[in-house]
Every structure is written in C-alpha cells, then in structure tokens.
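*Asks:* Have a look at the structure that comes next, please.
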Amino acid sequence: MRTPTRARRRLRAARKRLLAPVAAIASAALLLTACGSGDPAGDTVGAAAGSDAVPTTDVVSGVAENPAAARLLPAGTGELTLAVSVGGTPPGTTYLADGTTLTGQDLDFAHAVGKALGVRLTIRQASFEAILPALDSGKYDVGAANFGVTEERRKTIDFVTYINDGQGFAAREDSELSEVTDLTRLCGLDVATGAGTTFEATLQENAHRCTDAGKKAYRVQTYSEPGALWSSLQQGRSDVVMSTINGLRYAVAHQPGLKFLNEFRRLDVGFALKKGSKLAPALRAAVNGLIADGTYDAILKKWGTTESAIARSEISPPEPKD
C-alpha cells in the first residue's frame, strides 16, 4: 500500500475540516426526519440547527380574539384542520429537543390566527407535495409549509399572505461561487434542491438558458429529505443548494462551513386554501389584526426574519414579474 505524501495528508486534513460541519448538519437533519411522519422537504428545505438554537419564546398565548375577523368565518366554523410539513431548518416547522413538540414560524402564525379567530386548530403532518392537492378534497382546511405564491399555484389554490420570503443560494465555504445573480452562473454545476418546490420549478424552467448561451447545462438534483440534500453537498455530489432565503440564512448563521450566496428572487408566502374558500377573508383580517397589534412583529423577531415583513395581508396577490 502506498504511503500518502505529506501534501496528500495536508489536503485530506483540510478537506475533513471543511466537511465536518456539513456532516453535522446532515446528521441533525436526518435526526429530525426520523422524529416525524411524512416527507419533511418543502419550500423550506435545509439543515437542522441544534435543538438549543431553536427559539422557544412564547409570542402567541396572549393573542386575544378579534371579533371583526371572527365574524367573517363561515357560520358554524369552530375548528380548522391545518396541514404542515415537518423537518428541515427553522424557521420552518421542526421539533424541539423532546422529539414531539412542534415549533416554527408557520406554526406561530397559524396558532396566532387561530386564537384571533377563536377557533381550535387540529395539526396534521403531511408531505409537502401532498398538502396542496389534499386541500381540494377537503382533507385539510389550511396548509402552512412556506408556500410561495406563484401564478401556477394560483390557478388551483388560494393564498392568504403573511410573510415575504423567496429563493436564495448557499454553498460550502470553499466554493468559488459568490453571487448567483443569473442562473447561467450555475452552468456546469450540480444544484441540489427540494422535490416539488418552487426552486425545482424555477431551475427546470430555465435549464435551457445555459445551452442557449453555448455553455454546459447545470444539473438539478432533487431531494425529499433535507439530510440527503446536505449529504450531497458534503460528499461533493452537489455544488450549491437552492432553497428559502430565511431557511438558508438560519442554517448559515447556526452552522460553520457554509456561506449564504445571495437572495435570488422574492416571493410572497401564504396560508394555502382550497380555491374559492370562504375562509380567506377571515384569515386575511386575522393576519392584518396581528400586524396592527404587534404580535406579527414579535413572531418575526423571534425567528430572526424581520426582513420578511409585509405591510398587509392579501388574498392571492399576483406573482412579481422579473
């Protein structure tokens, strides 16, 4: 067996230092995946931070009922079934250290809206891809999984907006990538993202741009589990991750070995409802009430997402044009 040269040993040691933090991220994400049921990937695809880093401040229990919003509910509405996709990185829905208590920004907003409307919330876990189709069948009343409002989704789903998030990129610290201001910056690279997300759709729709420019196309790798997504980065099978702006920033802030490249595109995010749902006006009024009474800002501050604040909630606003 050949004895490695001193240079090879130094190279291997450096690589271990760079990949160790990412390995820890992947392991943590897999642990959270094992705790939950359903597919954890969604428009919040990312690495799980350590449980001690997940904020636990109570910003919801003091929310009072908003009579004006409650009057907009369909008659007899006393309970709403909310579908969430669990796993990945905060501020998305995840577990606390006990492995059973769910937390996350979407859940804080949902519980606050429920209290404002005076209704009981029944939480159901589902895979990200399954939530939107199940709304039409009536299996769930509301979906909350960081759903970006797009023109394609607006054809079959109504949304009540509560934050503005969007699409961004992250890579290992040793990556030569800086900003991805145009998708042609990804030409020839392997791009990891979540299955069934707006990120996958954006990448697939624009895949031709590299070959149109005479360059090698980028390759899209989709994952249903965040642990597998980050393992692909760790093992060099992918070069860059495309995910939510807030999710990527959280991962980078709480784990070494990663860098946030840039925001690529902003999108409104909303509660998802069956097309034509009569619940939409009540949810919108409840969110606007939370904005007015300060609860809204408290939730954003808790999760470090104040840059995602919106001035007012809307029902299915048009997708911003590039």
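Chain identifiers are assigned as A, B, and so on, following the order in which chains appear in the structure tokens; residues are numbered from 1 within each chain, and ligands are numbered from 1 in order of appearance.
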Report as JSON lines: every residue of segment 187-206 of chain A with an atom at most 12 Å from segment 156-172 of chain A, its closest pair of atoms, and their distance in Å to one decimal, counting only C-alpha atoms, with rows sorted by chain and ascending residue number.
*Replies:*
{"residue": "A:Leu189", "atom": "CA", "partner": "A:Ala171", "partner_atom": "CA", "distance": 11.7}
{"residue": "A:Asp190", "atom": "CA", "partner": "A:Ala171", "partner_atom": "CA", "distance": 11.2}
{"residue": "A:Val191", "atom": "CA", "partner": "A:Phe169", "partner_atom": "CA", "distance": 9.5}
{"residue": "A:Ala192", "atom": "CA", "partner": "A:Phe169", "partner_atom": "CA", "distance": 9.9}
{"residue": "A:Thr193", "atom": "CA", "partner": "A:Phe169", "partner_atom": "CA", "distance": 9.8}
{"residue": "A:Gly194", "atom": "CA", "partner": "A:Gln167", "partner_atom": "CA", "distance": 11.9}
{"residue": "A:Thr197", "atom": "CA", "partner": "A:Gln167", "partner_atom": "CA", "distance": 10.4}
{"residue": "A:Thr198", "atom": "CA", "partner": "A:Gln167", "partner_atom": "CA", "distance": 8.3}
{"residue": "A:Phe199", "atom": "CA", "partner": "A:Gln167", "partner_atom": "CA", "distance": 6.9}
{"residue": "A:Glu200", "atom": "CA", "partner": "A:Gln167", "partner_atom": "CA", "distance": 10.6}
{"residue": "A:Ala201", "atom": "CA", "partner": "A:Gln167", "partner_atom": "CA", "distance": 11.4}
{"residue": "A:Thr202", "atom": "CA", "partner": "A:Gln167", "partner_atom": "CA", "distance": 9.4}
{"residue": "A:Leu203", "atom": "CA", "partner": "A:Gln167", "partner_atom": "CA", "distance": 11.0}
*Asks:* For the residues in that selection, give me N, CA and C atoms as an mmCIF file, in the first residue's frame.
*Replies:*
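Output file again_10.cif is given in full below:
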data_model
loop_
_atom_site.group_PDB
_atom_site.id
_atom_site.type_symbol
_atom_site.label_atom_id
_atom_site.label_comp_id
_atom_site.auth_asym_id
_atom_site.auth_seq_id
_atom_site.Cartn_x
_atom_site.Cartn_y
_atom_site.Cartn_z
ATOM 1 N N LEU A 189 -22.754 23.137 -13.175
ATOM 2 C CA LEU A 189 -22.724 22.737 -11.769
ATOM 3 C C LEU A 189 -23.887 21.803 -11.430
ATOM 4 N N ASP A 190 -23.770 21.138 -10.291
ATOM 5 C CA ASP A 190 -24.841 20.307 -9.760
ATOM 6 C C ASP A 190 -25.559 21.100 -8.675
ATOM 7 N N VAL A 191 -26.863 21.299 -8.867
ATOM 8 C CA VAL A 191 -27.655 22.138 -7.970
ATOM 9 C C VAL A 191 -28.643 21.261 -7.202
ATOM 10 N N ALA A 192 -28.563 21.285 -5.882
ATOM 11 C CA ALA A 192 -29.452 20.482 -5.040
ATOM 12 C C ALA A 192 -30.607 21.332 -4.543
ATOM 13 N N THR A 193 -31.806 20.756 -4.561
ATOM 14 C CA THR A 193 -32.978 21.473 -4.055
ATOM 15 C C THR A 193 -34.038 20.472 -3.640
ATOM 16 N N GLY A 194 -35.156 20.969 -3.119
ATOM 17 C CA GLY A 194 -36.221 20.102 -2.637
ATOM 18 C C GLY A 194 -37.196 19.716 -3.729
ATOM 19 N N THR A 197 -40.833 21.798 -5.117
ATOM 20 C CA THR A 197 -40.784 23.177 -4.645
ATOM 21 C C THR A 197 -40.745 24.172 -5.796
ATOM 22 N N THR A 198 -40.912 25.447 -5.452
ATOM 23 C CA THR A 198 -40.761 26.500 -6.458
ATOM 24 C C THR A 198 -39.319 26.555 -6.975
ATOM 25 N N PHE A 199 -38.377 26.100 -6.144
ATOM 26 C CA PHE A 199 -36.974 26.109 -6.562
ATOM 27 C C PHE A 199 -36.760 25.120 -7.711
ATOM 28 N N GLU A 200 -37.305 23.934 -7.547
ATOM 29 C CA GLU A 200 -37.192 22.943 -8.617
ATOM 30 C C GLU A 200 -37.839 23.466 -9.897
ATOM 31 N N ALA A 201 -39.023 24.069 -9.765
ATOM 32 C CA ALA A 201 -39.714 24.590 -10.943
ATOM 33 C C ALA A 201 -38.897 25.675 -11.637
ATOM 34 N N THR A 202 -38.323 26.578 -10.851
ATOM 35 C CA THR A 202 -37.512 27.656 -11.431
ATOM 36 C C THR A 202 -36.305 27.102 -12.168
ATOM 37 N N LEU A 203 -35.639 26.138 -11.553
ATOM 38 C CA LEU A 203 -34.450 25.554 -12.175
ATOM 39 C C LEU A 203 -34.795 24.803 -13.456
#
*Asks:* Identify, on the basis of only C-alpha atoms, every residue whose closest approach to segment 99-109 of chain A does not exceed 8 Å; exclude the query and any residue fewer than 6 positions from it along the same chain; express the result as an MDAnalysis selection string.
*Replies:* chainID A and resid 32 35 59:60 90:93 144:146 162 296 299:300 303
*Asks:* Using backbone DSSP assignments, extract all strand (DSSP E or B) residues from segment 141-257 of chain A; output them as a VMD selection string.
*Replies:* chain A and resid 142 to 144 148 157 to 172 190 to 194 219 to 223 240 to 244
*Asks:* Would you save the residues of that selection, restricted to N, CA and C atoms, as a compact mmCIF listing (two decimals), in the first residue's frame?
*Replies:*
# COMPACT_ATOMS: atom_id res chain seq x y z
N VAL A 142 -56.53 24.17 5.78
CA VAL A 142 -55.45 25.14 5.54
C VAL A 142 -54.13 24.39 5.46
N GLY A 143 -53.23 24.87 4.60
CA GLY A 143 -51.88 24.34 4.53
C GLY A 143 -50.88 25.43 4.89
N ALA A 144 -49.86 25.08 5.67
CA ALA A 144 -48.82 26.04 6.04
C ALA A 144 -47.47 25.34 5.94
N GLY A 148 -44.80 29.48 -1.42
CA GLY A 148 -44.66 30.69 -2.21
C GLY A 148 -45.84 30.84 -3.16
N ILE A 157 -55.21 27.11 -6.27
CA ILE A 157 -55.14 27.32 -4.82
C ILE A 157 -55.31 28.80 -4.52
N ASP A 158 -55.96 29.11 -3.40
CA ASP A 158 -55.99 30.48 -2.89
C ASP A 158 -54.97 30.60 -1.76
N PHE A 159 -54.44 31.79 -1.60
CA PHE A 159 -53.44 32.04 -0.57
C PHE A 159 -53.81 33.28 0.23
N VAL A 160 -53.47 33.24 1.52
CA VAL A 160 -53.57 34.42 2.37
C VAL A 160 -52.17 34.70 2.86
N THR A 161 -51.58 35.80 2.42
CA THR A 161 -50.16 36.04 2.66
C THR A 161 -49.89 36.49 4.09
N TYR A 162 -48.69 36.10 4.57
CA TYR A 162 -48.28 36.54 5.90
C TYR A 162 -46.79 36.89 5.99
N ILE A 163 -45.98 36.49 5.05
CA ILE A 163 -44.59 36.94 5.00
C ILE A 163 -44.14 37.05 3.55
N ASN A 164 -42.96 37.61 3.36
CA ASN A 164 -42.33 37.66 2.05
C ASN A 164 -40.96 36.99 2.19
N ASP A 165 -40.80 35.84 1.55
CA ASP A 165 -39.54 35.11 1.65
C ASP A 165 -38.95 35.02 0.25
N GLY A 166 -38.70 33.84 -0.25
CA GLY A 166 -38.23 33.73 -1.62
C GLY A 166 -37.11 32.74 -1.80
N GLN A 167 -36.38 32.92 -2.88
CA GLN A 167 -35.39 31.96 -3.33
C GLN A 167 -33.98 32.50 -3.13
N GLY A 168 -33.09 31.61 -2.67
CA GLY A 168 -31.71 32.00 -2.48
C GLY A 168 -30.78 30.83 -2.69
N PHE A 169 -29.48 31.08 -2.52
CA PHE A 169 -28.47 30.04 -2.74
C PHE A 169 -27.47 30.02 -1.59
N ALA A 170 -26.94 28.83 -1.33
CA ALA A 170 -25.88 28.65 -0.34
C ALA A 170 -24.92 27.58 -0.85
N ALA A 171 -23.70 27.62 -0.35
CA ALA A 171 -22.68 26.65 -0.76
C ALA A 171 -21.72 26.44 0.39
N ARG A 172 -20.75 25.54 0.21
CA ARG A 172 -19.69 25.38 1.20
C ARG A 172 -18.79 26.61 1.17
N ASP A 190 -23.77 21.14 -10.29
CA ASP A 190 -24.84 20.31 -9.76
C ASP A 190 -25.56 21.10 -8.68
N VAL A 191 -26.86 21.30 -8.87
CA VAL A 191 -27.66 22.14 -7.97
C VAL A 191 -28.64 21.26 -7.20
N ALA A 192 -28.56 21.28 -5.88
CA ALA A 192 -29.45 20.48 -5.04
C ALA A 192 -30.61 21.33 -4.54
N THR A 193 -31.81 20.76 -4.56
CA THR A 193 -32.98 21.47 -4.05
C THR A 193 -34.04 20.47 -3.64
N GLY A 194 -35.16 20.97 -3.12
CA GLY A 194 -36.22 20.10 -2.64
C GLY A 194 -37.20 19.72 -3.73
N ARG A 219 -27.12 20.74 -13.66
CA ARG A 219 -27.88 19.52 -13.38
C ARG A 219 -28.67 19.71 -12.08
N VAL A 220 -29.96 19.45 -12.13
CA VAL A 220 -30.83 19.64 -10.97
C VAL A 220 -30.97 18.33 -10.22
N GLN A 221 -30.63 18.34 -8.94
CA GLN A 221 -30.76 17.17 -8.08
C GLN A 221 -31.84 17.48 -7.04
N THR A 222 -32.91 16.70 -7.03
CA THR A 222 -34.00 16.95 -6.08
C THR A 222 -33.99 15.91 -4.97
N TYR A 223 -34.31 16.38 -3.76
CA TYR A 223 -34.31 15.52 -2.58
C TYR A 223 -35.58 15.75 -1.78
N VAL A 240 -24.06 23.45 -5.03
CA VAL A 240 -24.79 24.59 -4.48
C VAL A 240 -26.20 24.12 -4.12
N VAL A 241 -26.79 24.77 -3.11
CA VAL A 241 -28.16 24.47 -2.69
C VAL A 241 -29.04 25.68 -2.98
N MET A 242 -30.21 25.43 -3.54
CA MET A 242 -31.22 26.47 -3.74
C MET A 242 -32.38 26.19 -2.80
N SER A 243 -32.73 27.19 -1.98
CA SER A 243 -33.80 27.00 -1.00
C SER A 243 -34.36 28.35 -0.60
N THR A 244 -35.09 28.37 0.55
CA THR A 244 -35.67 29.62 1.01
C THR A 244 -34.59 30.55 1.55
*Asks:* From the list A:Tyr140, A:Asp98, A:Ala116, A:Lys259, which residue is nearest Ala68 of chain A when using only C-alpha atoms?
*Replies:*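 Once distances to Ala68 of chain A are computed over only C-alpha atoms, the minimum belongs to A:Ala116.
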*Asks:* How many Å lie between atom CA of Arg237 of chain A and atom CA of Ser85 of chain A, rounded to one decimal?
*Replies:*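 Atom-to-atom, atom CA of Arg237 of chain A and atom CA of Ser85 of chain A are spaced 25.8 Å apart.
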*Asks:* Excluding same-chain residues fewer than 3 positions from Glu151 of chain A, what lies within 7 Å of it counting only C-alpha atoms, as a list in words?
*Replies:*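 Final neighbour list, sorted by chain and number: Arg154, Lys155, Pro318 and Glu319 of chain A.
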*Asks:* Mind writing the picked residues with N, CA and C atoms as a CSV table (one decimal), in the first residue's frame?
*Replies:*
chain,number,residue,atom,x,y,z
A,154,ARG,N,-51.7,29.7,-8.2
A,154,ARG,CA,-52.9,30.5,-8.1
A,154,ARG,C,-54.0,29.9,-9.0
A,155,LYS,N,-53.7,29.1,-9.9
A,155,LYS,CA,-54.7,28.6,-10.8
A,155,LYS,C,-55.6,27.6,-10.0
A,318,PRO,N,-50.8,38.7,-7.2
A,318,PRO,CA,-50.1,38.2,-8.4
A,318,PRO,C,-48.6,38.0,-8.1
A,319,GLU,N,-48.0,37.1,-8.8
A,319,GLU,CA,-46.6,36.8,-8.6
A,319,GLU,C,-45.8,38.0,-9.2
*Asks:* For Gly118 of chain A, please output as a compact mmCIF listing (two decimals) with N, CA and C atoms, in the first residue's frame all residues within 8 Å (counting only C-alpha atoms; exclusion window: fewer than 6 positions along the same chain).
*Replies:*
# COMPACT_ATOMS: atom_id res chain seq x y z
N GLU A 65 -58.98 37.33 20.99
CA GLU A 65 -59.87 37.11 19.85
C GLU A 65 -60.17 38.44 19.16
N ASN A 66 -60.21 38.39 17.84
CA ASN A 66 -60.50 39.56 17.02
C ASN A 66 -61.94 39.39 16.51
N ALA A 70 -63.37 37.28 13.28
CA ALA A 70 -64.14 36.07 13.56
C ALA A 70 -65.50 36.09 12.87
N GLY A 78 -65.87 26.16 13.99
CA GLY A 78 -65.27 26.15 15.33
C GLY A 78 -63.92 25.49 15.38
*Asks:* Need the shell around Ala83 of chain A: protein/DNA/RNA residues with any atom at most 12 Å away, counting only C-alpha atoms. Skip same-chain ones fewer than 4 positions apart. Format as a short mmCIF file (atom, residue, chain, number, x, y, z; two decimals) with N, CA and C atoms, in the first residue's frame?
*Replies:*
data_model
loop_
_atom_site.label_atom_id
_atom_site.label_comp_id
_atom_site.auth_asym_id
_atom_site.auth_seq_id
_atom_site.Cartn_x
_atom_site.Cartn_y
_atom_site.Cartn_z
N GLY A 38 -44.19 11.58 7.47
CA GLY A 38 -44.34 12.33 6.23
C GLY A 38 -43.02 12.82 5.72
N THR A 93 -41.13 24.46 10.07
CA THR A 93 -41.67 23.61 11.13
C THR A 93 -40.72 22.47 11.46
N ASP A 106 -44.19 29.21 10.82
CA ASP A 106 -45.51 28.96 10.24
C ASP A 106 -46.52 28.58 11.33
N LEU A 107 -46.07 27.75 12.28
CA LEU A 107 -46.97 27.34 13.36
C LEU A 107 -47.31 28.50 14.28
N ALA A 110 -49.92 30.41 12.51
CA ALA A 110 -51.17 29.67 12.46
C ALA A 110 -51.88 29.70 13.82
N LEU A 121 -57.39 24.66 16.47
CA LEU A 121 -56.58 24.14 15.36
C LEU A 121 -56.24 22.69 15.61
N THR A 122 -56.48 21.85 14.63
CA THR A 122 -56.02 20.47 14.66
C THR A 122 -54.87 20.36 13.67
N ILE A 123 -53.70 20.00 14.18
CA ILE A 123 -52.49 19.96 13.35
C ILE A 123 -52.31 18.57 12.77
N ARG A 124 -52.09 18.50 11.48
CA ARG A 124 -51.81 17.24 10.80
C ARG A 124 -50.50 17.38 10.03
N GLN A 125 -49.67 16.34 10.09
CA GLN A 125 -48.43 16.33 9.34
C GLN A 125 -48.64 15.66 7.99
N ALA A 126 -48.03 16.22 6.97
CA ALA A 126 -48.16 15.66 5.62
C ALA A 126 -46.91 16.00 4.83
N SER A 127 -46.65 15.23 3.79
CA SER A 127 -45.54 15.58 2.92
C SER A 127 -45.86 16.88 2.20
N PHE A 128 -44.83 17.63 1.88
CA PHE A 128 -45.01 18.92 1.22
C PHE A 128 -45.82 18.77 -0.06
N GLU A 129 -45.47 17.76 -0.85
CA GLU A 129 -46.13 17.58 -2.14
C GLU A 129 -47.60 17.22 -2.01
N ALA A 130 -47.98 16.64 -0.85
CA ALA A 130 -49.35 16.15 -0.69
C ALA A 130 -50.33 17.21 -0.20
N ILE A 131 -49.83 18.28 0.38
CA ILE A 131 -50.72 19.24 1.04
C ILE A 131 -51.64 19.96 0.06
N LEU A 132 -51.10 20.56 -0.98
CA LEU A 132 -51.93 21.35 -1.89
C LEU A 132 -53.02 20.51 -2.57
N PRO A 133 -52.71 19.33 -3.11
CA PRO A 133 -53.79 18.52 -3.69
C PRO A 133 -54.86 18.13 -2.68
N ALA A 134 -54.47 17.91 -1.43
CA ALA A 134 -55.42 17.47 -0.41
C ALA A 134 -56.37 18.58 0.02
N LEU A 135 -56.02 19.83 -0.22
CA LEU A 135 -56.91 20.93 0.13
C LEU A 135 -58.19 20.86 -0.71
N GLY A 138 -60.76 18.48 0.55
CA GLY A 138 -61.34 18.78 1.85
C GLY A 138 -60.68 18.05 3.00
N LYS A 139 -59.60 17.34 2.73
CA LYS A 139 -58.90 16.63 3.80
C LYS A 139 -58.35 17.60 4.83
N TYR A 140 -57.84 18.74 4.36
CA TYR A 140 -57.34 19.79 5.24
C TYR A 140 -58.05 21.10 4.89
N ASP A 141 -58.19 21.97 5.87
CA ASP A 141 -58.77 23.29 5.62
C ASP A 141 -57.70 24.29 5.18
N VAL A 142 -56.53 24.17 5.78
CA VAL A 142 -55.45 25.14 5.54
C VAL A 142 -54.13 24.39 5.46
N GLY A 143 -53.23 24.87 4.60
CA GLY A 143 -51.88 24.34 4.53
C GLY A 143 -50.88 25.43 4.89
N ALA A 144 -49.86 25.08 5.67
CA ALA A 144 -48.82 26.04 6.04
C ALA A 144 -47.47 25.34 5.94
N ALA A 145 -46.75 25.61 4.86
CA ALA A 145 -45.44 24.99 4.66
C ALA A 145 -44.55 25.92 3.85
N ASN A 146 -44.60 27.22 4.20
CA ASN A 146 -43.82 28.22 3.48
C ASN A 146 -44.14 28.19 1.98
N PHE A 147 -45.43 28.12 1.66
CA PHE A 147 -45.84 28.06 0.26
C PHE A 147 -45.68 29.42 -0.41
N PHE A 271 -50.79 31.22 3.71
CA PHE A 271 -51.58 30.05 4.05
C PHE A 271 -52.27 29.58 2.77
N ALA A 272 -52.25 28.29 2.51
CA ALA A 272 -52.87 27.73 1.31
C ALA A 272 -54.27 27.24 1.63
N LEU A 273 -55.20 27.53 0.71
CA LEU A 273 -56.60 27.17 0.89
C LEU A 273 -57.16 26.61 -0.41
#
*Asks:* Could you name the residues that touch Ile291 of chain A at 10 Å or less, counting only C-alpha atoms, but leaving out those on the same chain fewer than 2 positions away, as an mmCIF file with C-alpha atoms, in the first residue's frame?
*Replies:*
data_model
loop_
_atom_site.group_PDB
_atom_site.id
_atom_site.type_symbol
_atom_site.label_atom_id
_atom_site.label_comp_id
_atom_site.auth_asym_id
_atom_site.auth_seq_id
_atom_site.Cartn_x
_atom_site.Cartn_y
_atom_site.Cartn_z
ATOM 1 C CA TYR A 162 -48.275 36.542 5.903
ATOM 2 C CA ALA A 285 -58.427 40.014 8.603
ATOM 3 C CA ALA A 286 -56.796 37.990 11.382
ATOM 4 C CA VAL A 287 -53.287 38.448 9.940
ATOM 5 C CA ASN A 288 -53.860 42.178 9.483
ATOM 6 C CA GLY A 289 -55.039 42.354 13.090
ATOM 7 C CA ASP A 293 -51.401 44.820 17.493
ATOM 8 C CA GLY A 294 -47.675 44.000 17.366
ATOM 9 C CA THR A 295 -47.942 40.198 17.518
ATOM 10 C CA TYR A 296 -46.772 39.981 13.927
ATOM 11 C CA ASP A 297 -43.512 41.814 14.640
ATOM 12 C CA ALA A 298 -42.930 39.694 17.756
ATOM 13 C CA ALA A 309 -42.294 41.580 6.972
ATOM 14 C CA ILE A 310 -45.246 42.578 4.813
ATOM 15 C CA ALA A 311 -47.300 45.755 5.259
ATOM 16 C CA ARG A 312 -50.644 43.967 4.957
ATOM 17 C CA SER A 313 -52.032 40.547 4.145
#
*Asks:* So which one's closest to Thr77 of chain A, A:Leu261, A:Lys278, A:Ala112, A:Thr150? Using only C-alpha atoms, please.
*Replies:*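 The answer is A:Lys278, which sits nearest to Thr77 of chain A.
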